[in-house]
$ cat my_file-v2.pdb   # PDB, C-alpha atoms
ATOM      1  CA  MET A 233       7.432  17.243  -1.250
ATOM      2  CA  LYS A 234       7.122  20.452   0.733
ATOM      3  CA  ASP A 235       3.354  19.931   1.102
ATOM      4  CA  MET A 236       3.753  16.409   2.560
ATOM      5  CA  ASN A 237       3.858  15.634   6.263
ATOM      6  CA  LEU A 238       5.812  12.364   6.555
ATOM      7  CA  ASP A 239       4.342  11.743  10.027
ATOM      8  CA  VAL A 240       1.021  10.902   8.307
ATOM      9  CA  HIS A 241       2.513   9.234   5.215
ATOM     10  CA  PRO A 242       2.864   5.416   4.856
ATOM     11  CA  ILE A 243       6.602   5.768   5.553
ATOM     12  CA  SER A 244       5.544   6.305   9.176
ATOM     13  CA  LEU A 245       4.716   2.557   9.327
ATOM     14  CA  VAL A 246       8.299   1.432   8.628
ATOM     15  CA  PRO A 247       9.373   1.378  12.317
ATOM     16  CA  ARG A 248       6.395  -0.863  13.170
ATOM     17  CA  TRP A 249       7.254  -3.285  10.349
ATOM     18  CA  LEU A 250      10.898  -3.307  11.439
ATOM     19  CA  ALA A 251       9.880  -4.034  15.028
ATOM     20  CA  ASP A 252       7.868  -7.009  13.789
ATOM     21  CA  VAL A 253      10.353  -8.616  11.365
ATOM     22  CA  GLY A 254      13.670  -7.410  12.798
ATOM     23  CA  ASP A 255      16.861  -6.451  10.977
ATOM     24  CA  GLY A 256      18.160  -7.942   7.752
ATOM     25  CA  TRP A 257      15.024  -7.622   5.604
ATOM     26  CA  ASP A 258      14.894  -5.835   2.260
ATOM     27  CA  ALA A 259      11.954  -3.731   1.123
ATOM     28  CA  HIS A 260      10.949  -3.549  -2.529
ATOM     29  CA  PHE A 261       9.724  -0.476  -4.371
ATOM     30  CA  SER A 262       9.315   0.528  -7.997
ATOM     31  CA  ARG A 263       9.249   3.573 -10.184
ATOM     32  CA  TYR A 264       6.292   3.160 -12.533
ATOM     33  CA  VAL A 265       4.339   4.876 -15.273
ATOM     34  CA  TYR A 266       0.565   4.800 -14.850
ATOM     35  CA  VAL A 267      -1.309   3.704 -17.975
ATOM     36  CA  PRO A 268      -5.117   3.819 -17.432
ATOM     37  CA  GLN A 269      -7.072   0.605 -18.058
ATOM     38  CA  SER A 270      -3.937  -1.237 -19.171
ATOM     39  CA  VAL A 271      -2.996  -4.813 -18.382
ATOM     40  CA  GLU A 272       0.669  -3.844 -18.745
ATOM     41  CA  ASP A 273       2.519  -3.011 -15.542
ATOM     42  CA  LEU A 274       5.696  -1.093 -16.434
ATOM     43  CA  ARG A 275       7.971  -0.866 -13.396
ATOM     44  CA  THR A 276      11.623  -0.266 -12.595
ATOM     45  CA  PRO A 277      12.443  -2.149  -9.374
ATOM     46  CA  VAL A 278      14.153  -0.504  -6.394
ATOM     47  CA  ARG A 279      15.441  -2.680  -3.531
ATOM     48  CA  VAL A 280      16.606  -1.261  -0.203
ATOM     49  CA  PRO A 281      17.138  -2.583   3.334
ATOM     50  CA  LEU A 282      13.908  -1.958   5.244
ATOM     51  CA  ALA A 283      15.949  -0.159   7.901
ATOM     52  CA  GLY A 284      17.196   2.142   5.109
ATOM     53  CA  VAL A 285      13.691   3.376   4.247
ATOM     54  CA  THR A 286      14.177   6.745   5.905
ATOM     55  CA  HIS A 287      12.881  10.232   5.187
ATOM     56  CA  ALA A 288      16.194  11.099   3.487
ATOM     57  CA  TRP A 289      16.047   7.954   1.323
ATOM     58  CA  PHE A 290      12.444   8.745   0.362
ATOM     59  CA  ARG A 291      13.274  12.341  -0.609
ATOM     60  CA  ASP A 292      16.179  11.064  -2.727
ATOM     61  CA  GLN A 293      13.893   8.572  -4.520
ATOM     62  CA  LEU A 294      11.348  11.307  -5.231
ATOM     63  CA  ALA A 295      14.091  13.488  -6.713
ATOM     64  CA  ARG A 296      15.053  10.639  -9.083
ATOM     65  CA  LEU A 297      11.548  10.290 -10.583
ATOM     66  CA  SER A 298      11.099  11.385 -14.181
ATOM     67  CA  PRO A 299       8.080  13.675 -14.810
ATOM     68  CA  ASN A 300       5.835  10.745 -15.810
ATOM     69  CA  GLU A 301       6.852   8.365 -12.985
ATOM     70  CA  GLU A 302       5.510   7.599  -9.532
ATOM     71  CA  LEU A 303       7.058   5.652  -6.649
ATOM     72  CA  ALA A 304       5.254   2.660  -5.164
ATOM     73  CA  MET A 305       6.032   0.369  -2.266
ATOM     74  CA  HIS A 306       5.615  -3.353  -2.852
ATOM     75  CA  SER A 307       4.216  -5.641  -0.194
ATOM     76  CA  ILE A 308       7.128  -8.036  -0.461
ATOM     77  CA  LEU A 309       9.902  -8.122   2.138
ATOM     78  CA  THR A 310      12.813 -10.502   1.591
ATOM     79  CA  GLN A 311      15.629 -11.925   3.685
ATOM     80  CA  GLY A 312      17.591 -14.327   1.528
ATOM     81  CA  ARG A 313      14.974 -16.867   0.422
ATOM     82  CA  ARG A 314      12.546 -15.893   3.169
ATOM     83  CA  VAL A 315       9.538 -13.816   2.083
ATOM     84  CA  ARG A 316       6.936 -11.861   4.026
ATOM     85  CA  HIS A 317       4.258  -9.485   2.758
ATOM     86  CA  ILE A 318       2.938  -6.253   4.156
ATOM     87  CA  PRO A 319      -0.852  -6.511   3.857
ATOM     88  CA  MET A 320      -2.093  -3.860   1.407
ATOM     89  CA  ALA A 321      -5.431  -2.986  -0.158
ATOM     90  CA  ASP A 322      -6.702  -0.427  -2.661
ATOM     91  CA  LEU A 323     -10.259   0.413  -1.643
ATOM     92  CA  VAL A 324     -12.691   2.261  -3.927
ATOM     93  CA  VAL A 325     -14.481   4.133  -1.173
ATOM     94  CA  LYS A 326     -14.325   7.732  -0.012
ATOM     95  CA  PRO A 327     -12.735   8.938   3.254
ATOM     96  CA  GLY A 328     -16.225   9.732   4.597
ATOM     97  CA  GLN A 329     -16.961   5.989   4.583
ATOM     98  CA  ILE A 330     -14.033   5.154   6.862
ATOM     99  CA  GLY A 331     -16.177   3.884   9.742
ATOM    100  CA  GLU A 332     -18.049   1.487   7.467
ATOM    101  CA  VAL A 333     -14.819   0.344   5.810
ATOM    102  CA  THR A 334     -12.997  -0.299   9.087
ATOM    103  CA  ARG A 335     -15.923  -2.418  10.322
ATOM    104  CA  TRP A 336     -15.865  -4.315   6.988
ATOM    105  CA  ALA A 337     -12.084  -4.859   7.258
ATOM    106  CA  ASP A 338     -12.303  -6.017  10.878
ATOM    107  CA  ARG A 339     -15.051  -8.493   9.958
ATOM    108  CA  TYR A 340     -13.726  -9.887   6.656
ATOM    109  CA  LEU A 341      -9.977  -9.394   6.716
ATOM    110  CA  GLY A 342      -9.140  -9.984  10.371
ATOM    111  CA  ILE A 343      -5.951  -7.886  10.373
ATOM    112  CA  ASP A 344      -5.097  -4.507  11.854
ATOM    113  CA  LEU A 345      -4.930  -1.869   9.135
ATOM    114  CA  ASP A 346      -4.001   1.788   8.851
ATOM    115  CA  PHE A 347      -6.027   3.705   6.235
ATOM    116  CA  PHE A 348      -4.656   6.457   4.011
ATOM    117  CA  ASP A 349      -6.594   8.843   1.774
ATOM    118  CA  SER A 350      -4.858   8.726  -1.622
ATOM    119  CA  GLY A 351      -7.182  11.216  -3.327
ATOM    120  CA  ARG A 352      -9.164   8.819  -5.515
ATOM    121  CA  SER A 353      -9.381   5.879  -3.105
ATOM    122  CA  LEU A 354      -8.334   4.622   0.296
ATOM    123  CA  HIS A 355      -5.104   2.687   0.697
ATOM    124  CA  ALA A 356      -4.813   0.259   3.588
ATOM    125  CA  TYR A 357      -1.613  -1.135   5.083
ATOM    126  CA  GLY A 358      -1.327  -3.918   7.610
ATOM    127  CA  VAL A 359       0.464  -3.238  10.856
ATOM    128  CA  ARG A 360       2.215  -6.636  10.783
ATOM    129  CA  PRO A 361       3.772  -8.476   7.815
ATOM    130  CA  ILE A 362       2.263 -11.856   6.897
ATOM    131  CA  SER A 363       3.418 -15.043   5.130
ATOM    132  CA  GLU A 364       3.049 -15.654   1.384
ATOM    133  CA  THR A 365       0.200 -18.099   2.024
ATOM    134  CA  GLN A 366      -1.582 -15.521   4.188
ATOM    135  CA  TRP A 367      -1.052 -12.917   1.446
ATOM    136  CA  VAL A 368      -2.776 -15.141  -1.160
ATOM    137  CA  HIS A 369      -5.682 -15.656   1.243
ATOM    138  CA  LEU A 370      -5.864 -11.902   1.868
ATOM    139  CA  MET A 371      -6.030 -11.183  -1.863
ATOM    140  CA  GLY A 372      -8.833 -13.741  -2.222
ATOM    141  CA  ARG A 373     -10.750 -12.177   0.670
ATOM    142  CA  LEU A 374     -10.307  -8.756  -0.934
ATOM    143  CA  LEU A 375     -11.827 -10.012  -4.197
ATOM    144  CA  LEU A 376     -14.729 -11.590  -2.331
ATOM    145  CA  GLY A 377     -15.329  -8.323  -0.465
ATOM    146  CA  ASN A 378     -17.175  -6.935  -3.495
ATOM    147  CA  ILE A 379     -20.714  -8.245  -3.154
ATOM    148  CA  PRO A 380     -22.921  -8.435  -6.274
ATOM    149  CA  ASN A 381     -25.526  -5.656  -6.593
ATOM    150  CA  ARG A 382     -23.720  -3.474  -4.023
ATOM    151  CA  GLU A 383     -21.212  -0.686  -4.378
ATOM    152  CA  PRO A 384     -17.704  -2.193  -4.609
ATOM    153  CA  VAL A 385     -15.326  -1.843  -1.688
ATOM    154  CA  VAL A 386     -12.127  -3.158  -3.297
ATOM    155  CA  ASP A 387     -10.553  -2.176  -6.612
ATOM    156  CA  SER A 388     -10.759  -5.606  -8.274
ATOM    157  CA  ARG A 389      -8.510  -4.534 -11.196
ATOM    158  CA  TRP A 390      -5.834  -3.655  -8.631
ATOM    159  CA  VAL A 391      -6.179  -7.137  -7.093
ATOM    160  CA  GLY A 392      -5.860  -8.720 -10.561
ATOM    161  CA  HIS A 393      -2.700  -6.749 -11.349
ATOM    162  CA  ARG A 394      -1.212  -7.584  -7.982
ATOM    163  CA  LEU A 395      -1.967 -11.311  -8.220
ATOM    164  CA  LEU A 396      -0.310 -11.367 -11.656
ATOM    165  CA  GLY A 397       2.678  -9.487 -10.220
ATOM    166  CA  GLY A 398       2.996 -11.732  -7.157
ATOM    167  CA  TYR A 399       2.970  -8.828  -4.700
ATOM    168  CA  SER A 400       0.799  -5.898  -3.695
ATOM    169  CA  SER A 401       1.841  -2.356  -4.501
ATOM    170  CA  LEU A 402       0.608   1.085  -3.441
ATOM    171  CA  ARG A 403       1.726   4.549  -4.492
ATOM    172  CA  TRP A 404       3.859   6.632  -2.108
ATOM    173  CA  SER A 405       4.418   9.707  -4.312
ATOM    174  CA  LYS A 406       2.409  12.475  -5.995
ATOM    175  CA  ASN A 407       4.559  13.300  -8.985
ATOM    176  CA  THR A 408       2.125  13.338 -11.924
ATOM    177  CA  PRO A 409      -1.133  15.252 -12.528
ATOM    178  CA  HIS A 410      -3.139  11.996 -12.514
ATOM    179  CA  TYR A 411      -2.918  11.755  -8.718
ATOM    180  CA  LEU A 412      -4.722  14.249  -6.513
ATOM    181  CA  LYS A 413      -2.767  14.056  -3.273
ATOM    182  CA  TRP A 414      -0.118  12.351  -1.190
ATOM    183  CA  PRO A 415      -1.362   9.267   0.668
ATOM    184  CA  THR A 416      -2.322  10.690   4.074
ATOM    185  CA  LEU A 417      -3.293   8.795   7.244
ATOM    186  CA  ILE A 418      -6.949   9.140   8.165
ATOM    187  CA  ARG A 419      -7.418   6.168  10.502
ATOM    188  CA  GLY A 420      -4.824   4.132  12.330
ATOM    189  CA  ALA A 421      -5.322   0.620  13.678
ATOM    190  CA  ALA A 422      -5.286   2.005  17.222
ATOM    191  CA  MET A 423      -8.124   4.478  16.456
ATOM    192  CA  LYS A 424     -11.389   2.686  17.146
ATOM    193  CA  ASP A 425     -13.981   5.490  17.225
ATOM    194  CA  ASP A 426     -15.739   6.730  14.069
TER     195      ASP A 426
END
$ encode --input "my_file-v2.pdb" --output "structure tokens"
Amino acid sequence: MKDMNLDVHPISLVPRWLADVGDGWDAHFSRYVYVPQSVEDLRTPVRVPLAGVTHAWFRDQLARLSPNEELAMHSILTQGRRVRHIPMADLVVKPGQIGEVTRWADRYLGIDLDFFDSGRSLHAYGVRPISETQWVHLMGRLLLGNIPNREPVVDSRWVGHRLLGGYSSLRWSKNTPHYLKWPTLIRGAAMKDD
């Protein structure tokens, strides 16, 4: 944790999400064990008020991870029976392709995204939560973003797992040797130059 700057971590987006949805919403996380090329998705759920997703809460969750676990945020926000989703995407491109990817996202996804280098891929988070219907459409657009005979943009296995799970999910920790780095902001929605 000492090598992580939380000002450039996805937790920095929480105040923007709170400003959009308001108080009374719960965020959903999980502790999970990564199993390469598996269909299984082994997760222990963690639910917390979105307003309670603070630096102290995050540090406490990291301290609770077993040596083989990671912490992921889920897209789903709940308030009673109401559901919203934070747009998320796992992109199989390198940080050097950020200009190309942001143009692709602006054209095909139509939502403001912040991009984080996760070490092996780029993670994207929407600035504003969306409805469940909009989330399904987003996942479909992500799948269609991979054009035949071209390098893929989106991790289609990730989309498949997330559709089966009913929510998106991206890693917030770096607790196991499989992952190379903390997710770190490389391009915010307000940054328009390449």
$ resolve_selection --input "my_file-v2.pdb" --expression "the PyMOL selection byres ((chain A and resi 314) around 12)" --output "number ranges by chain"
A: 253, 256-258, 308-313, 315-317, 362-364
$ closest_residue --input "my_file-v2.pdb" --among "A:Arg360, A:His410, A:Arg373, A:Arg403" --to "A:Tyr264" --atoms "all atoms listed in the file"
A:Arg403
$ resolve_selection --input "my_file-v2.pdb" --expression "the PyMOL selection byres ((chain A and resi 334) around 12)" --output "PDB file with C-alpha atoms, in the frame of the given file"
ATOM      1  CA  LEU A 323     -10.259   0.413  -1.643  1.00  0.00           C
ATOM      2  CA  VAL A 325     -14.481   4.133  -1.173  1.00  0.00           C
ATOM      3  CA  PRO A 327     -12.735   8.938   3.254  1.00  0.00           C
ATOM      4  CA  GLY A 328     -16.225   9.732   4.597  1.00  0.00           C
ATOM      5  CA  GLN A 329     -16.961   5.989   4.583  1.00  0.00           C
ATOM      6  CA  ILE A 330     -14.033   5.154   6.862  1.00  0.00           C
ATOM      7  CA  GLY A 331     -16.177   3.884   9.742  1.00  0.00           C
ATOM      8  CA  GLU A 332     -18.049   1.487   7.467  1.00  0.00           C
ATOM      9  CA  VAL A 333     -14.819   0.344   5.810  1.00  0.00           C
ATOM     10  CA  ARG A 335     -15.923  -2.418  10.322  1.00  0.00           C
ATOM     11  CA  TRP A 336     -15.865  -4.315   6.988  1.00  0.00           C
ATOM     12  CA  ALA A 337     -12.084  -4.859   7.258  1.00  0.00           C
ATOM     13  CA  ASP A 338     -12.303  -6.017  10.878  1.00  0.00           C
ATOM     14  CA  ARG A 339     -15.051  -8.493   9.958  1.00  0.00           C
ATOM     15  CA  TYR A 340     -13.726  -9.887   6.656  1.00  0.00           C
ATOM     16  CA  LEU A 341      -9.977  -9.394   6.716  1.00  0.00           C
ATOM     17  CA  GLY A 342      -9.140  -9.984  10.371  1.00  0.00           C
ATOM     18  CA  ILE A 343      -5.951  -7.886  10.373  1.00  0.00           C
ATOM     19  CA  ASP A 344      -5.097  -4.507  11.854  1.00  0.00           C
ATOM     20  CA  LEU A 345      -4.930  -1.869   9.135  1.00  0.00           C
ATOM     21  CA  ASP A 346      -4.001   1.788   8.851  1.00  0.00           C
ATOM     22  CA  PHE A 347      -6.027   3.705   6.235  1.00  0.00           C
ATOM     23  CA  PHE A 348      -4.656   6.457   4.011  1.00  0.00           C
ATOM     24  CA  LEU A 354      -8.334   4.622   0.296  1.00  0.00           C
ATOM     25  CA  HIS A 355      -5.104   2.687   0.697  1.00  0.00           C
ATOM     26  CA  ALA A 356      -4.813   0.259   3.588  1.00  0.00           C
ATOM     27  CA  VAL A 385     -15.326  -1.843  -1.688  1.00  0.00           C
ATOM     28  CA  ILE A 418      -6.949   9.140   8.165  1.00  0.00           C
ATOM     29  CA  ARG A 419      -7.418   6.168  10.502  1.00  0.00           C
ATOM     30  CA  GLY A 420      -4.824   4.132  12.330  1.00  0.00           C
ATOM     31  CA  ALA A 421      -5.322   0.620  13.678  1.00  0.00           C
ATOM     32  CA  ALA A 422      -5.286   2.005  17.222  1.00  0.00           C
ATOM     33  CA  MET A 423      -8.124   4.478  16.456  1.00  0.00           C
ATOM     34  CA  LYS A 424     -11.389   2.686  17.146  1.00  0.00           C
ATOM     35  CA  ASP A 425     -13.981   5.490  17.225  1.00  0.00           C
ATOM     36  CA  ASP A 426     -15.739   6.730  14.069  1.00  0.00           C
TER      37      ASP A 426
END
$ resolve_selection --input "my_file-v2.pdb" --expression "the PyMOL selection byres ((chain A and resi 384) around 12)" --output "ChimeraX atom specification"
/A:322-326,333,336,353,374-383,385-389
$ atom_distance --input "my_file-v2.pdb" --atom1 "atom CA of A:His369" --atom2 "atom CA of A:Pro319"
10.7 Å
$ atom_distance --input "my_file-v2.pdb" --atom1 "atom CA of A:Leu294" --atom2 "atom CA of A:Lys406"
9.0 Å
$ atom_distance --input "my_file-v2.pdb" --atom1 "atom CA of A:Gly284" --atom2 "atom CA of A:Lys413"
24.7 Å
$ residues_near_point --input "my_file-v2.pdb" --point "(10.2, 0.5, -11.1)" --cutoff "12 Å" --atoms "only C-alpha atoms" --output "PDB file with C-alpha atoms, keeping the file's coordinate frame"
ATOM      1  CA  HIS A 260      10.949  -3.549  -2.529  1.00  0.00           C
ATOM      2  CA  PHE A 261       9.724  -0.476  -4.371  1.00  0.00           C
ATOM      3  CA  SER A 262       9.315   0.528  -7.997  1.00  0.00           C
ATOM      4  CA  ARG A 263       9.249   3.573 -10.184  1.00  0.00           C
ATOM      5  CA  TYR A 264       6.292   3.160 -12.533  1.00  0.00           C
ATOM      6  CA  VAL A 265       4.339   4.876 -15.273  1.00  0.00           C
ATOM      7  CA  TYR A 266       0.565   4.800 -14.850  1.00  0.00           C
ATOM      8  CA  ASP A 273       2.519  -3.011 -15.542  1.00  0.00           C
ATOM      9  CA  LEU A 274       5.696  -1.093 -16.434  1.00  0.00           C
ATOM     10  CA  ARG A 275       7.971  -0.866 -13.396  1.00  0.00           C
ATOM     11  CA  THR A 276      11.623  -0.266 -12.595  1.00  0.00           C
ATOM     12  CA  PRO A 277      12.443  -2.149  -9.374  1.00  0.00           C
ATOM     13  CA  VAL A 278      14.153  -0.504  -6.394  1.00  0.00           C
ATOM     14  CA  ARG A 279      15.441  -2.680  -3.531  1.00  0.00           C
ATOM     15  CA  GLN A 293      13.893   8.572  -4.520  1.00  0.00           C
ATOM     16  CA  ARG A 296      15.053  10.639  -9.083  1.00  0.00           C
ATOM     17  CA  LEU A 297      11.548  10.290 -10.583  1.00  0.00           C
ATOM     18  CA  SER A 298      11.099  11.385 -14.181  1.00  0.00           C
ATOM     19  CA  GLU A 301       6.852   8.365 -12.985  1.00  0.00           C
ATOM     20  CA  GLU A 302       5.510   7.599  -9.532  1.00  0.00           C
ATOM     21  CA  LEU A 303       7.058   5.652  -6.649  1.00  0.00           C
ATOM     22  CA  ALA A 304       5.254   2.660  -5.164  1.00  0.00           C
ATOM     23  CA  MET A 305       6.032   0.369  -2.266  1.00  0.00           C
ATOM     24  CA  HIS A 306       5.615  -3.353  -2.852  1.00  0.00           C
ATOM     25  CA  SER A 401       1.841  -2.356  -4.501  1.00  0.00           C
ATOM     26  CA  ARG A 403       1.726   4.549  -4.492  1.00  0.00           C
TER      27      ARG A 403
END
$ closest_residue --input "my_file-v2.pdb" --among "A:Val285, A:Tyr411, A:Asp255, A:Ser307" --to "A:Val359" --atoms "only C-alpha atoms"
A:Ser307
$ residues_around --input "my_file-v2.pdb" --residues "A:Arg291" --least-positions-apart "4" --cutoff "10 Å" --atoms "only C-alpha atoms" --output "list in words"
Met233, Thr286, His287, Ala295, Arg296 and Ser405 of chain A
$ closest_residue --input "my_file-v2.pdb" --among "A:Leu402, A:Leu395, A:Phe290, A:Thr408" --to "A:Ser244" --atoms "all atoms listed in the file"
A:Phe290
$ closest_residue --input "my_file-v2.pdb" --among "A:His241, A:Arg352, A:Tyr399, A:Gly392" --to "A:Ala259" --atoms "only C-alpha atoms"
A:Tyr399
$ closest_residue --input "my_file-v2.pdb" --among "A:Met371, A:Met320, A:His393, A:Leu238" --to "A:Ala288" --atoms "only C-alpha atoms"
A:Leu238
$ closest_residue --input "my_file-v2.pdb" --among "A:Gln366, A:Gly351, A:Gly398, A:Trp289" --to "A:Leu417" --atoms "all atoms listed in the file"
A:Gly351
$ axis_aligned_box --input "my_file-v2.pdb" --around "stretch 280-292 of chain A" --padding-each-side "5 Å" --output "JSON"
{"center_x": 14.8, "center_y": 4.9, "center_z": 2.6, "size_x": 14.8, "size_y": 24.9, "size_z": 20.6}
